[in-house]
file coords.tsv (TSV, N, CA and C atoms)
chain	number	residue	atom	x	y	z
D	1	MET	N	86.33	157.97	13.63
D	1	MET	CA	85.26	157.05	13.26
D	1	MET	C	85.60	156.38	11.93
D	2	LEU	N	85.54	155.08	11.91
D	2	LEU	CA	85.84	154.32	10.70
D	2	LEU	C	84.62	154.27	9.79
D	3	ASP	N	84.88	154.15	8.50
D	3	ASP	CA	83.78	153.84	7.59
D	3	ASP	C	84.22	152.65	6.74
D	4	THR	N	83.29	152.11	5.99
D	4	THR	CA	83.57	150.88	5.25
D	4	THR	C	84.64	151.05	4.19
D	5	SER	N	84.88	152.29	3.75
D	5	SER	CA	85.92	152.48	2.73
D	5	SER	C	87.31	152.14	3.27
D	6	GLU	N	87.52	152.27	4.57
D	6	GLU	CA	88.81	151.89	5.15
D	6	GLU	C	89.01	150.38	5.07
D	7	LEU	N	87.94	149.64	5.29
D	7	LEU	CA	88.03	148.18	5.18
D	7	LEU	C	88.29	147.77	3.73
D	8	THR	N	87.53	148.32	2.81
D	8	THR	CA	87.72	147.92	1.41
D	8	THR	C	89.10	148.34	0.91
D	9	ALA	N	89.61	149.48	1.34
D	9	ALA	CA	90.95	149.91	0.93
D	9	ALA	C	92.01	148.97	1.48
D	10	ALA	N	91.88	148.57	2.74
D	10	ALA	CA	92.86	147.65	3.34
D	10	ALA	C	92.83	146.30	2.64
D	11	VAL	N	91.64	145.80	2.34
D	11	VAL	CA	91.50	144.52	1.66
D	11	VAL	C	92.07	144.60	0.25
D	12	GLU	N	91.77	145.67	-0.47
D	12	GLU	CA	92.30	145.81	-1.83
D	12	GLU	C	93.82	145.90	-1.85
D	13	ARG	N	94.38	146.57	-0.85
D	13	ARG	CA	95.85	146.67	-0.75
D	13	ARG	C	96.46	145.27	-0.61
D	14	PHE	N	95.89	144.47	0.27
D	14	PHE	CA	96.38	143.10	0.47
D	14	PHE	C	96.16	142.27	-0.80
D	15	ALA	N	94.98	142.36	-1.38
D	15	ALA	CA	94.68	141.59	-2.59
D	15	ALA	C	95.62	141.97	-3.74
D	16	ASP	N	95.90	143.27	-3.88
D	16	ASP	CA	96.83	143.71	-4.93
D	16	ASP	C	98.23	143.15	-4.72
D	17	ARG	N	98.66	143.09	-3.47
D	17	ARG	CA	99.98	142.53	-3.19
D	17	ARG	C	100.02	141.04	-3.47
D	18	LEU	N	98.93	140.35	-3.17
D	18	LEU	CA	98.85	138.93	-3.50
D	18	LEU	C	98.91	138.73	-5.01
D	19	ARG	N	98.20	139.56	-5.76
D	19	ARG	CA	98.20	139.44	-7.22
D	19	ARG	C	99.59	139.66	-7.82
D	20	ALA	N	100.35	140.54	-7.18
D	20	ALA	CA	101.67	140.89	-7.70
D	20	ALA	C	102.78	139.96	-7.21
D	21	ALA	N	102.48	139.13	-6.23
D	21	ALA	CA	103.51	138.28	-5.63
D	21	ALA	C	103.87	137.12	-6.56
D	22	PRO	N	105.14	136.73	-6.54
D	22	PRO	CA	105.54	135.56	-7.33
D	22	PRO	C	104.97	134.28	-6.70
D	23	GLN	N	104.85	133.27	-7.53
D	23	GLN	CA	104.29	132.00	-7.09
D	23	GLN	C	105.03	131.45	-5.86
D	24	SER	N	106.32	131.58	-5.84
D	24	SER	CA	107.09	131.06	-4.71
D	24	SER	C	106.69	131.73	-3.39
D	25	ARG	N	106.48	133.02	-3.42
D	25	ARG	CA	106.07	133.74	-2.21
D	25	ARG	C	104.66	133.32	-1.80
D	26	LEU	N	103.78	133.15	-2.77
D	26	LEU	CA	102.42	132.70	-2.47
D	26	LEU	C	102.45	131.33	-1.80
D	27	GLN	N	103.29	130.45	-2.33
D	27	GLN	CA	103.36	129.08	-1.81
D	27	GLN	C	104.06	129.01	-0.45
D	28	ARG	N	104.85	130.02	-0.12
D	28	ARG	CA	105.54	130.03	1.18
D	28	ARG	C	104.66	130.57	2.30
D	29	GLY	N	103.40	130.82	2.02
D	29	GLY	CA	102.51	131.20	3.11
D	29	GLY	C	101.65	132.42	2.87
D	30	ALA	N	102.01	133.25	1.91
D	30	ALA	CA	101.22	134.46	1.68
D	30	ALA	C	99.79	134.11	1.24
D	31	ALA	N	99.66	133.12	0.37
D	31	ALA	CA	98.33	132.72	-0.09
D	31	ALA	C	97.52	132.10	1.04
D	32	ALA	N	98.16	131.30	1.86
D	32	ALA	CA	97.47	130.69	3.00
D	32	ALA	C	96.96	131.76	3.96
D	33	GLU	N	97.76	132.79	4.16
D	33	GLU	CA	97.35	133.90	5.03
D	33	GLU	C	96.15	134.63	4.42
D	34	GLY	N	96.22	134.85	3.12
D	34	GLY	CA	95.10	135.50	2.42
D	34	GLY	C	93.82	134.68	2.47
D	35	LEU	N	93.96	133.37	2.30
D	35	LEU	CA	92.79	132.49	2.34
D	35	LEU	C	92.18	132.46	3.73
D	36	ALA	N	93.01	132.38	4.74
D	36	ALA	CA	92.50	132.38	6.12
D	36	ALA	C	91.73	133.67	6.40
D	37	LEU	N	92.27	134.78	5.93
D	37	LEU	CA	91.58	136.06	6.12
D	37	LEU	C	90.28	136.11	5.33
D	38	ALA	N	90.31	135.64	4.09
D	38	ALA	CA	89.09	135.63	3.27
D	38	ALA	C	88.00	134.81	3.96
D	39	ARG	N	88.39	133.67	4.51
D	39	ARG	CA	87.43	132.83	5.21
D	39	ARG	C	86.85	133.53	6.43
D	40	GLU	N	87.71	134.20	7.20
D	40	GLU	CA	87.24	134.90	8.40
D	40	GLU	C	86.30	136.06	8.03
D	41	LEU	N	86.67	136.83	7.02
D	41	LEU	CA	85.81	137.95	6.61
D	41	LEU	C	84.48	137.45	6.06
D	42	ALA	N	84.51	136.34	5.32
D	42	ALA	CA	83.27	135.78	4.77
D	42	ALA	C	82.36	135.29	5.88
D	43	VAL	N	82.92	134.64	6.89
D	43	VAL	CA	82.12	134.17	8.02
D	43	VAL	C	81.48	135.35	8.73
D	44	ARG	N	82.25	136.41	8.95
D	44	ARG	CA	81.72	137.59	9.62
D	44	ARG	C	80.59	138.22	8.81
D	45	ALA	N	80.77	138.30	7.50
D	45	ALA	CA	79.71	138.87	6.64
D	45	ALA	C	78.45	138.02	6.71
D	46	GLN	N	78.61	136.71	6.65
D	46	GLN	CA	77.45	135.83	6.70
D	46	GLN	C	76.72	135.92	8.04
D	47	ARG	N	77.47	136.10	9.11
D	47	ARG	CA	76.83	136.22	10.43
D	47	ARG	C	76.03	137.52	10.54
D	48	VAL	N	76.48	138.57	9.88
D	48	VAL	CA	75.74	139.83	9.87
D	48	VAL	C	74.50	139.70	8.99
D	49	GLU	N	74.68	139.11	7.80
D	49	GLU	CA	73.59	139.03	6.83
D	49	GLU	C	72.55	137.97	7.18
D	50	THR	N	72.98	136.84	7.68
D	50	THR	CA	72.06	135.74	7.96
D	50	THR	C	72.37	135.14	9.33
D	51	PRO	N	72.10	135.89	10.40
D	51	PRO	CA	72.40	135.36	11.73
D	51	PRO	C	71.61	134.08	11.99
D	52	GLY	N	72.25	133.17	12.68
D	52	GLY	CA	71.59	131.91	13.02
D	52	GLY	C	71.83	130.80	12.02
D	53	LEU	N	72.27	131.12	10.81
D	53	LEU	CA	72.58	130.10	9.82
D	53	LEU	C	74.07	129.76	9.90
D	54	GLU	N	74.39	128.52	9.63
D	54	GLU	CA	75.78	128.07	9.63
D	54	GLU	C	76.51	128.72	8.44
D	55	PRO	N	77.60	129.46	8.69
D	55	PRO	CA	78.33	130.09	7.59
D	55	PRO	C	78.96	129.04	6.66
D	56	ARG	N	79.02	129.39	5.38
D	56	ARG	CA	79.68	128.54	4.39
D	56	ARG	C	81.16	128.93	4.33
D	57	LEU	N	81.99	127.93	4.10
D	57	LEU	CA	83.44	128.14	4.08
D	57	LEU	C	83.91	128.49	2.67
D	58	VAL	N	84.77	129.48	2.58
D	58	VAL	CA	85.39	129.83	1.30
D	58	VAL	C	86.31	128.66	0.93
D	59	PRO	N	86.16	128.10	-0.27
D	59	PRO	CA	86.98	126.94	-0.64
D	59	PRO	C	88.42	127.35	-0.96
D	60	ASP	N	89.32	126.40	-0.86
D	60	ASP	CA	90.70	126.60	-1.28
D	60	ASP	C	90.74	126.32	-2.77
D	61	ALA	N	90.76	127.39	-3.57
D	61	ALA	CA	90.74	127.25	-5.03
D	61	ALA	C	92.12	127.45	-5.64
D	62	GLY	N	93.14	127.54	-4.79
D	62	GLY	CA	94.51	127.66	-5.29
D	62	GLY	C	95.11	129.03	-5.04
D	63	VAL	N	96.44	129.07	-5.11
D	63	VAL	CA	97.18	130.28	-4.76
D	63	VAL	C	96.92	131.45	-5.70
D	64	PHE	N	96.51	131.17	-6.93
D	64	PHE	CA	96.31	132.26	-7.89
D	64	PHE	C	94.91	132.86	-7.82
D	65	VAL	N	94.05	132.29	-7.01
D	65	VAL	CA	92.66	132.76	-6.90
D	65	VAL	C	92.42	133.49	-5.58
D	66	VAL	N	93.30	133.29	-4.63
D	66	VAL	CA	93.07	133.80	-3.28
D	66	VAL	C	92.91	135.32	-3.23
D	67	ALA	N	93.59	136.06	-4.06
D	67	ALA	CA	93.45	137.52	-4.05
D	67	ALA	C	92.02	137.92	-4.38
D	68	ASP	N	91.44	137.26	-5.37
D	68	ASP	CA	90.05	137.57	-5.73
D	68	ASP	C	89.08	137.13	-4.64
D	69	GLN	N	89.35	135.98	-4.02
D	69	GLN	CA	88.50	135.53	-2.93
D	69	GLN	C	88.54	136.52	-1.77
D	70	LEU	N	89.72	137.03	-1.47
D	70	LEU	CA	89.87	138.00	-0.40
D	70	LEU	C	89.14	139.29	-0.75
D	71	ALA	N	89.29	139.76	-1.97
D	71	ALA	CA	88.62	141.00	-2.38
D	71	ALA	C	87.10	140.87	-2.27
D	72	VAL	N	86.55	139.76	-2.72
D	72	VAL	CA	85.11	139.55	-2.66
D	72	VAL	C	84.63	139.47	-1.21
D	73	ALA	N	85.34	138.73	-0.39
D	73	ALA	CA	84.95	138.59	1.02
D	73	ALA	C	85.00	139.94	1.73
D	74	GLY	N	86.01	140.73	1.44
D	74	GLY	CA	86.13	142.05	2.06
D	74	GLY	C	85.02	142.99	1.66
D	75	VAL	N	84.69	143.00	0.39
D	75	VAL	CA	83.60	143.86	-0.09
D	75	VAL	C	82.27	143.38	0.49
D	76	ASP	N	82.07	142.08	0.56
D	76	ASP	CA	80.84	141.54	1.15
D	76	ASP	C	80.69	141.98	2.60
D	77	LEU	N	81.77	141.88	3.37
D	77	LEU	CA	81.69	142.28	4.77
D	77	LEU	C	81.46	143.78	4.89
D	78	ALA	N	82.15	144.56	4.10
D	78	ALA	CA	81.96	146.02	4.15
D	78	ALA	C	80.51	146.37	3.86
D	79	GLU	N	79.93	145.75	2.86
D	79	GLU	CA	78.53	146.04	2.52
D	79	GLU	C	77.59	145.57	3.62
D	80	ALA	N	77.85	144.40	4.17
D	80	ALA	CA	77.00	143.90	5.25
D	80	ALA	C	77.05	144.84	6.45
D	81	LEU	N	78.25	145.32	6.79
D	81	LEU	CA	78.38	146.23	7.93
D	81	LEU	C	77.79	147.60	7.62
D	82	ARG	N	77.91	148.03	6.38
D	82	ARG	CA	77.37	149.34	5.99
D	82	ARG	C	75.86	149.39	6.17
D	83	THR	N	75.20	148.30	5.86
D	83	THR	CA	73.73	148.28	5.90
D	83	THR	C	73.17	147.67	7.18
D	84	ALA	N	74.03	147.19	8.05
D	84	ALA	CA	73.57	146.54	9.29
D	84	ALA	C	73.12	147.58	10.31
D	85	PRO	N	72.01	147.29	10.99
D	85	PRO	CA	71.55	148.20	12.03
D	85	PRO	C	72.21	147.92	13.37
D	86	SER	N	73.31	147.22	13.34
D	86	SER	CA	73.98	146.77	14.56
D	86	SER	C	74.58	147.94	15.35
D	87	PRO	N	74.33	147.98	16.65
D	87	PRO	CA	74.96	149.01	17.47
D	87	PRO	C	76.47	148.79	17.62
D	88	SER	N	76.94	147.59	17.33
D	88	SER	CA	78.38	147.30	17.45
D	88	SER	C	79.09	147.41	16.10
D	89	ARG	N	78.45	148.00	15.11
D	89	ARG	CA	79.00	148.10	13.76
D	89	ARG	C	80.39	148.73	13.75
D	90	GLU	N	80.58	149.81	14.49
D	90	GLU	CA	81.87	150.50	14.52
D	90	GLU	C	82.96	149.57	15.07
D	91	ARG	N	82.66	148.85	16.13
D	91	ARG	CA	83.62	147.92	16.72
D	91	ARG	C	83.95	146.81	15.73
D	92	GLU	N	82.93	146.24	15.10
D	92	GLU	CA	83.13	145.16	14.13
D	92	GLU	C	83.96	145.63	12.95
D	93	LEU	N	83.71	146.83	12.50
D	93	LEU	CA	84.46	147.38	11.37
D	93	LEU	C	85.92	147.60	11.76
D	94	GLY	N	86.15	148.16	12.92
D	94	GLY	CA	87.52	148.37	13.39
D	94	GLY	C	88.27	147.07	13.55
D	95	GLU	N	87.59	146.06	14.05
D	95	GLU	CA	88.22	144.75	14.23
D	95	GLU	C	88.57	144.14	12.87
D	96	ALA	N	87.70	144.28	11.90
D	96	ALA	CA	87.97	143.74	10.56
D	96	ALA	C	89.18	144.42	9.93
D	97	VAL	N	89.26	145.73	10.06
D	97	VAL	CA	90.42	146.46	9.51
D	97	VAL	C	91.70	145.98	10.19
D	98	ARG	N	91.65	145.80	11.50
D	98	ARG	CA	92.80	145.30	12.25
D	98	ARG	C	93.22	143.92	11.76
D	99	LEU	N	92.23	143.03	11.55
D	99	LEU	CA	92.53	141.68	11.06
D	99	LEU	C	93.24	141.72	9.71
D	100	VAL	N	92.78	142.59	8.82
D	100	VAL	CA	93.38	142.70	7.49
D	100	VAL	C	94.83	143.18	7.60
D	101	ARG	N	95.05	144.20	8.39
D	101	ARG	CA	96.41	144.74	8.54
D	101	ARG	C	97.36	143.72	9.16
D	102	GLU	N	96.90	143.00	10.16
D	102	GLU	CA	97.73	141.98	10.80
D	102	GLU	C	98.04	140.84	9.84
D	103	ALA	N	97.05	140.41	9.06
D	103	ALA	CA	97.27	139.31	8.10
D	103	ALA	C	98.26	139.74	7.02
D	104	LEU	N	98.13	140.96	6.56
D	104	LEU	CA	99.07	141.47	5.55
D	104	LEU	C	100.49	141.46	6.12
D	105	GLU	N	100.65	141.89	7.33
D	105	GLU	CA	101.98	141.90	7.96
D	105	GLU	C	102.53	140.47	8.09
D	106	ARG	N	101.68	139.54	8.53
D	106	ARG	CA	102.14	138.15	8.67
D	106	ARG	C	102.50	137.52	7.33
D	107	SER	N	101.84	137.98	6.27
D	107	SER	CA	102.07	137.39	4.94
D	107	SER	C	103.46	137.70	4.40
D	108	GLY	N	104.07	138.77	4.90
D	108	GLY	CA	105.38	139.15	4.41
D	108	GLY	C	105.37	139.88	3.09
D	109	LEU	N	104.21	140.32	2.65
D	109	LEU	CA	104.12	141.02	1.36
D	109	LEU	C	104.26	142.53	1.53
call {"tool": "encode", "arguments": {"input": "coords.tsv", "output": "structure tokens"}}
result
Amino acid sequence: MLDTSELTAAVERFADRLRAAPQSRLQRGAAAEGLALARELAVRAQRVETPGLEPRLVPDAGVFVVADQLAVAGVDLAEALRTAPSPSRERELGEAVRLVREALERSGL
């Protein structure tokens, strides 16, 4: 059984690698991968917290900010899932952890 700490740990691992990556690696796609993941996690959190409202998009604030955007989006989703009365919470949490791991692998970090 997964708990939200697995999601936050996976997100922090990816965010830490983004923070430590050289600018060239970030520009070759690692930052884009992180931003895409941050956007997906943010949309998922917003759908849990405010169903029926159009989710807001995480802006592209540059390669040096994406690690923080990812960390915030991951924590937001973990908290939303932790407090959600959803019967599919376990499935959603497992899917989010899978998304983070796959994005980290694609990033090459």
call {"tool": "closest_residue", "arguments": {"input": "coords.tsv", "among": "D:Leu81, D:Leu35, D:Ala71, D:Ala45", "to": "Ala9 in chain D", "atoms": "only C-alpha atoms"}}
result
D:Ala71
call {"tool": "closest_residue", "arguments": {"input": "coords.tsv", "among": "D:Val48, D:Ala10, D:Leu18, D:Ala30", "to": "Arg106 in chain D", "atoms": "all atoms listed in the file"}}
result
D:Ala30
call {"tool": "closest_residue", "arguments": {"input": "coords.tsv", "among": "D:Gly29, D:Gln23, D:Thr8, D:Leu37", "to": "Leu99 in chain D", "atoms": "only N, CA and C atoms"}}
result
D:Leu37
call {"tool": "atom_distance", "arguments": {"input": "coords.tsv", "atom1": "CA of Glu90 in chain D", "atom2": "atom N of Arg47 in chain D"}}
result
16.0 Å
call {"tool": "atom_distance", "arguments": {"input": "coords.tsv", "atom1": "CA of Glu105 in chain D", "atom2": "CA of Arg17 in chain D"}}
result
11.3 Å
call {"tool": "residues_around", "arguments": {"input": "coords.tsv", "residues": "Val100 in chain D", "least_positions_apart": "3", "cutoff": "10 Å", "atoms": "only C-alpha atoms", "output": "compact mmCIF listing (two decimals) with N, CA and C atoms, keeping the file's coordinate frame"}}
result
# COMPACT_ATOMS: atom_id res chain seq x y z
N LEU D 7 87.94 149.64 5.29
CA LEU D 7 88.03 148.18 5.18
C LEU D 7 88.29 147.77 3.73
N THR D 8 87.53 148.32 2.81
CA THR D 8 87.72 147.92 1.41
C THR D 8 89.10 148.34 0.91
N ALA D 10 91.88 148.57 2.74
CA ALA D 10 92.86 147.65 3.34
C ALA D 10 92.83 146.30 2.64
N VAL D 11 91.64 145.80 2.34
CA VAL D 11 91.50 144.52 1.66
C VAL D 11 92.07 144.60 0.25
N GLU D 12 91.77 145.67 -0.47
CA GLU D 12 92.30 145.81 -1.83
C GLU D 12 93.82 145.90 -1.85
N ARG D 13 94.38 146.57 -0.85
CA ARG D 13 95.85 146.67 -0.75
C ARG D 13 96.46 145.27 -0.61
N PHE D 14 95.89 144.47 0.27
CA PHE D 14 96.38 143.10 0.47
C PHE D 14 96.16 142.27 -0.80
N GLU D 33 97.76 132.79 4.16
CA GLU D 33 97.35 133.90 5.03
C GLU D 33 96.15 134.63 4.42
N GLY D 34 96.22 134.85 3.12
CA GLY D 34 95.10 135.50 2.42
C GLY D 34 93.82 134.68 2.47
N LEU D 37 92.27 134.78 5.93
CA LEU D 37 91.58 136.06 6.12
C LEU D 37 90.28 136.11 5.33
N ALA D 38 90.31 135.64 4.09
CA ALA D 38 89.09 135.63 3.27
C ALA D 38 88.00 134.81 3.96
N GLU D 40 87.71 134.20 7.20
CA GLU D 40 87.24 134.90 8.40
C GLU D 40 86.30 136.06 8.03
N LEU D 41 86.67 136.83 7.02
CA LEU D 41 85.81 137.95 6.61
C LEU D 41 84.48 137.45 6.06
N LEU D 70 89.72 137.03 -1.47
CA LEU D 70 89.87 138.00 -0.40
C LEU D 70 89.14 139.29 -0.75
N GLY D 74 86.01 140.73 1.44
CA GLY D 74 86.13 142.05 2.06
C GLY D 74 85.02 142.99 1.66
N GLU D 95 87.59 146.06 14.05
CA GLU D 95 88.22 144.75 14.23
C GLU D 95 88.57 144.14 12.87
N ALA D 96 87.70 144.28 11.90
CA ALA D 96 87.97 143.74 10.56
C ALA D 96 89.18 144.42 9.93
N VAL D 97 89.26 145.73 10.06
CA VAL D 97 90.42 146.46 9.51
C VAL D 97 91.70 145.98 10.19
N ALA D 103 97.05 140.41 9.06
CA ALA D 103 97.27 139.31 8.10
C ALA D 103 98.26 139.74 7.02
N LEU D 104 98.13 140.96 6.56
CA LEU D 104 99.07 141.47 5.55
C LEU D 104 100.49 141.46 6.12
N GLU D 105 100.65 141.89 7.33
CA GLU D 105 101.98 141.90 7.96
C GLU D 105 102.53 140.47 8.09
N ARG D 106 101.68 139.54 8.53
CA ARG D 106 102.14 138.15 8.67
C ARG D 106 102.50 137.52 7.33
call {"tool": "select_by_dssp", "arguments": {"input": "coords.tsv", "residues": "range 4-107 of chain D", "states": "alpha helix (DSSP H)", "output": "number ranges by chain"}}
result
D: 4-20, 23-25, 31-49, 66-83, 89-107
call {"tool": "closest_residue", "arguments": {"input": "coords.tsv", "among": "D:Glu49, D:Asp68, D:Glu54, D:Asp3", "to": "Asp16 in chain D", "atoms": "only C-alpha atoms"}}
result
D:Asp68
call {"tool": "atom_distance", "arguments": {"input": "coords.tsv", "atom1": "CA of Ser107 in chain D", "atom2": "atom N of Val63 in chain D"}}
result
14.2 Å
call {"tool": "decode", "arguments": {"input": "coords.tsv", "residues": "range 20-52 of chain D", "atoms": "N, CA and C atoms", "output": "mmCIF file, in the first residue's frame"}}
result
data_model
loop_
_atom_site.group_PDB
_atom_site.id
_atom_site.type_symbol
_atom_site.label_atom_id
_atom_site.label_comp_id
_atom_site.auth_asym_id
_atom_site.auth_seq_id
_atom_site.Cartn_x
_atom_site.Cartn_y
_atom_site.Cartn_z
ATOM 1 N N ALA D 20 20.668 20.138 -9.250
ATOM 2 C CA ALA D 20 22.101 19.851 -9.357
ATOM 3 C C ALA D 20 22.595 19.770 -10.798
ATOM 4 N N ALA D 21 21.685 19.730 -11.744
ATOM 5 C CA ALA D 21 22.069 19.555 -13.147
ATOM 6 C C ALA D 21 22.675 20.838 -13.719
ATOM 7 N N PRO D 22 23.646 20.681 -14.605
ATOM 8 C CA PRO D 22 24.205 21.860 -15.277
ATOM 9 C C PRO D 22 23.186 22.444 -16.259
ATOM 10 N N GLN D 23 23.361 23.715 -16.546
ATOM 11 C CA GLN D 23 22.446 24.415 -17.440
ATOM 12 C C GLN D 23 22.304 23.695 -18.780
ATOM 13 N N SER D 24 23.385 23.183 -19.302
ATOM 14 C CA SER D 24 23.324 22.511 -20.596
ATOM 15 C C SER D 24 22.404 21.292 -20.556
ATOM 16 N N ARG D 25 22.458 20.538 -19.492
ATOM 17 C CA ARG D 25 21.595 19.358 -19.358
ATOM 18 C C ARG D 25 20.136 19.790 -19.213
ATOM 19 N N LEU D 26 19.907 20.848 -18.456
ATOM 20 C CA LEU D 26 18.539 21.361 -18.306
ATOM 21 C C LEU D 26 17.978 21.788 -19.657
ATOM 22 N N GLN D 27 18.802 22.464 -20.435
ATOM 23 C CA GLN D 27 18.357 22.970 -21.735
ATOM 24 C C GLN D 27 18.193 21.865 -22.774
ATOM 25 N N ARG D 28 18.841 20.729 -22.560
ATOM 26 C CA ARG D 28 18.716 19.613 -23.505
ATOM 27 C C ARG D 28 17.479 18.764 -23.242
ATOM 28 N N GLY D 29 16.630 19.181 -22.337
ATOM 29 C CA GLY D 29 15.373 18.464 -22.170
ATOM 30 C C GLY D 29 14.990 18.100 -20.753
ATOM 31 N N ALA D 30 15.944 18.111 -19.840
ATOM 32 C CA ALA D 30 15.615 17.726 -18.466
ATOM 33 C C ALA D 30 14.609 18.708 -17.842
ATOM 34 N N ALA D 31 14.806 19.993 -18.094
ATOM 35 C CA ALA D 31 13.883 20.992 -17.537
ATOM 36 C C ALA D 31 12.504 20.872 -18.170
ATOM 37 N N ALA D 32 12.460 20.624 -19.464
ATOM 38 C CA ALA D 32 11.171 20.458 -20.144
ATOM 39 C C ALA D 32 10.420 19.254 -19.584
ATOM 40 N N GLU D 33 11.145 18.191 -19.300
ATOM 41 C CA GLU D 33 10.526 16.996 -18.713
ATOM 42 C C GLU D 33 9.985 17.319 -17.316
ATOM 43 N N GLY D 34 10.770 18.052 -16.552
ATOM 44 C CA GLY D 34 10.332 18.454 -15.207
ATOM 45 C C GLY D 34 9.111 19.359 -15.243
ATOM 46 N N LEU D 35 9.101 20.291 -16.191
ATOM 47 C CA LEU D 35 7.960 21.205 -16.311
ATOM 48 C C LEU D 35 6.704 20.457 -16.732
ATOM 49 N N ALA D 36 6.830 19.555 -17.675
ATOM 50 C CA ALA D 36 5.669 18.766 -18.107
ATOM 51 C C ALA D 36 5.102 17.970 -16.937
ATOM 52 N N LEU D 37 5.984 17.400 -16.135
ATOM 53 C CA LEU D 37 5.529 16.646 -14.963
ATOM 54 C C LEU D 37 4.888 17.571 -13.936
ATOM 55 N N ALA D 38 5.500 18.718 -13.685
ATOM 56 C CA ALA D 38 4.919 19.671 -12.727
ATOM 57 C C ALA D 38 3.517 20.077 -13.166
ATOM 58 N N ARG D 39 3.359 20.319 -14.452
ATOM 59 C CA ARG D 39 2.040 20.687 -14.975
ATOM 60 C C ARG D 39 1.029 19.569 -14.776
ATOM 61 N N GLU D 40 1.433 18.334 -15.058
ATOM 62 C CA GLU D 40 0.519 17.194 -14.902
ATOM 63 C C GLU D 40 0.136 16.992 -13.435
ATOM 64 N N LEU D 41 1.113 17.062 -12.541
ATOM 65 C CA LEU D 41 0.815 16.885 -11.117
ATOM 66 C C LEU D 41 -0.078 18.006 -10.599
ATOM 67 N N ALA D 42 0.158 19.233 -11.067
ATOM 68 C CA ALA D 42 -0.668 20.369 -10.644
ATOM 69 C C ALA D 42 -2.104 20.208 -11.119
ATOM 70 N N VAL D 43 -2.281 19.766 -12.351
ATOM 71 C CA VAL D 43 -3.635 19.545 -12.878
ATOM 72 C C VAL D 43 -4.341 18.477 -12.053
ATOM 73 N N ARG D 44 -3.644 17.400 -11.739
ATOM 74 C CA ARG D 44 -4.244 16.327 -10.943
ATOM 75 C C ARG D 44 -4.637 16.832 -9.557
ATOM 76 N N ALA D 45 -3.778 17.629 -8.941
ATOM 77 C CA ALA D 45 -4.098 18.176 -7.613
ATOM 78 C C ALA D 45 -5.319 19.081 -7.682
ATOM 79 N N GLN D 46 -5.374 19.926 -8.694
ATOM 80 C CA GLN D 46 -6.509 20.835 -8.828
ATOM 81 C C GLN D 46 -7.812 20.079 -9.074
ATOM 82 N N ARG D 47 -7.742 18.995 -9.818
ATOM 83 C CA ARG D 47 -8.956 18.202 -10.071
ATOM 84 C C ARG D 47 -9.460 17.528 -8.797
ATOM 85 N N VAL D 48 -8.554 17.159 -7.906
ATOM 86 C CA VAL D 48 -8.955 16.572 -6.625
ATOM 87 C C VAL D 48 -9.533 17.654 -5.717
ATOM 88 N N GLU D 49 -8.842 18.800 -5.657
ATOM 89 C CA GLU D 49 -9.235 19.868 -4.736
ATOM 90 C C GLU D 49 -10.457 20.642 -5.198
ATOM 91 N N THR D 50 -10.559 20.902 -6.482
ATOM 92 C CA THR D 50 -11.662 21.713 -7.004
ATOM 93 C C THR D 50 -12.237 21.069 -8.260
ATOM 94 N N PRO D 51 -12.912 19.923 -8.098
ATOM 95 C CA PRO D 51 -13.462 19.259 -9.274
ATOM 96 C C PRO D 51 -14.469 20.161 -9.986
ATOM 97 N N GLY D 52 -14.462 20.080 -11.290
ATOM 98 C CA GLY D 52 -15.398 20.876 -12.077
ATOM 99 C C GLY D 52 -14.853 22.217 -12.524
#
